[in-house]
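**Q** Here it is, the structure in full.
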Amino acid sequence: MKGFLIGFGLGIAAGLLFAPMKGEDARVMAGVKASEIADNARETYQQVKGTVRKTVDSVRSEPASTGTGTRG
């Protein structure tokens, strides 16, 4: 996901450089796109945070293996 966001940002930057657009319009568009990228990053962070929390809780609830079993 990180690579996607970086590529997305670079694509926007390239588009802004080569597109014939008034400066004011370009700045507004850049601000909107930056906000969208930030929102996507926050959403991804929250999803990963939730997944990690569930995994940690699952591992904590499992009984610890002591390794004292006998071999047969």
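Residue numbering restarts at 1 for every chain of the structure tokens, chains are lettered A, B, ... in their displayed order, and ligands are numbered from 1 as they appear.
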May I have the residues within 12 Å of Lys33 of chain A as a list in words, using only C-alpha atoms and disregarding those fewer than 6 positions away in the same chain?

**A**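 The residues satisfying every condition are Leu5, Phe8, Gly9, Leu10, Gly11, Ile12, Ala13, Gly15, Leu16, Ala26, Arg27, Asp39 and Asn40 of chain A.
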
**Q** I need the chosen residues saved as a short mmCIF file (atom, residue, chain, number, x, y, z; two decimals), in the first residue's frame, with C-alpha atoms.

**A**
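New file result_7.cif:
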data_model
loop_
_atom_site.label_atom_id
_atom_site.label_comp_id
_atom_site.auth_asym_id
_atom_site.auth_seq_id
_atom_site.Cartn_x
_atom_site.Cartn_y
_atom_site.Cartn_z
CA LEU A 5 0.55 5.88 -2.30
CA PHE A 8 -0.04 7.91 -6.74
CA GLY A 9 1.59 11.05 -5.36
CA LEU A 10 4.28 11.03 -8.06
CA GLY A 11 1.64 10.61 -10.73
CA ILE A 12 -0.28 13.59 -9.42
CA ALA A 13 2.88 15.68 -9.32
CA GLY A 15 0.26 15.51 -14.04
CA LEU A 16 0.36 18.91 -12.43
CA ALA A 26 -3.49 23.59 -9.86
CA ARG A 27 -3.00 24.61 -6.23
CA ASP A 39 -7.24 10.41 4.41
CA ASN A 40 -6.29 7.15 2.69
#

**Q** Which parts of chain A does DSSP call alpha helix (DSSP H) when run on the backbone here, written out as JSON, numbers by chain?

**A** {"A": [2, 3, 4, 5, 6, 7, 8, 9, 10, 11, 12, 13, 14, 15, 16, 17, 18, 23, 24, 25, 26, 27, 28, 29, 30, 31, 32, 33, 34, 35, 36, 37, 38, 39, 40, 41, 42, 43, 44, 45, 46, 47, 48, 49, 50, 51, 52, 53, 54, 55, 56, 57, 58, 59, 60, 61]}
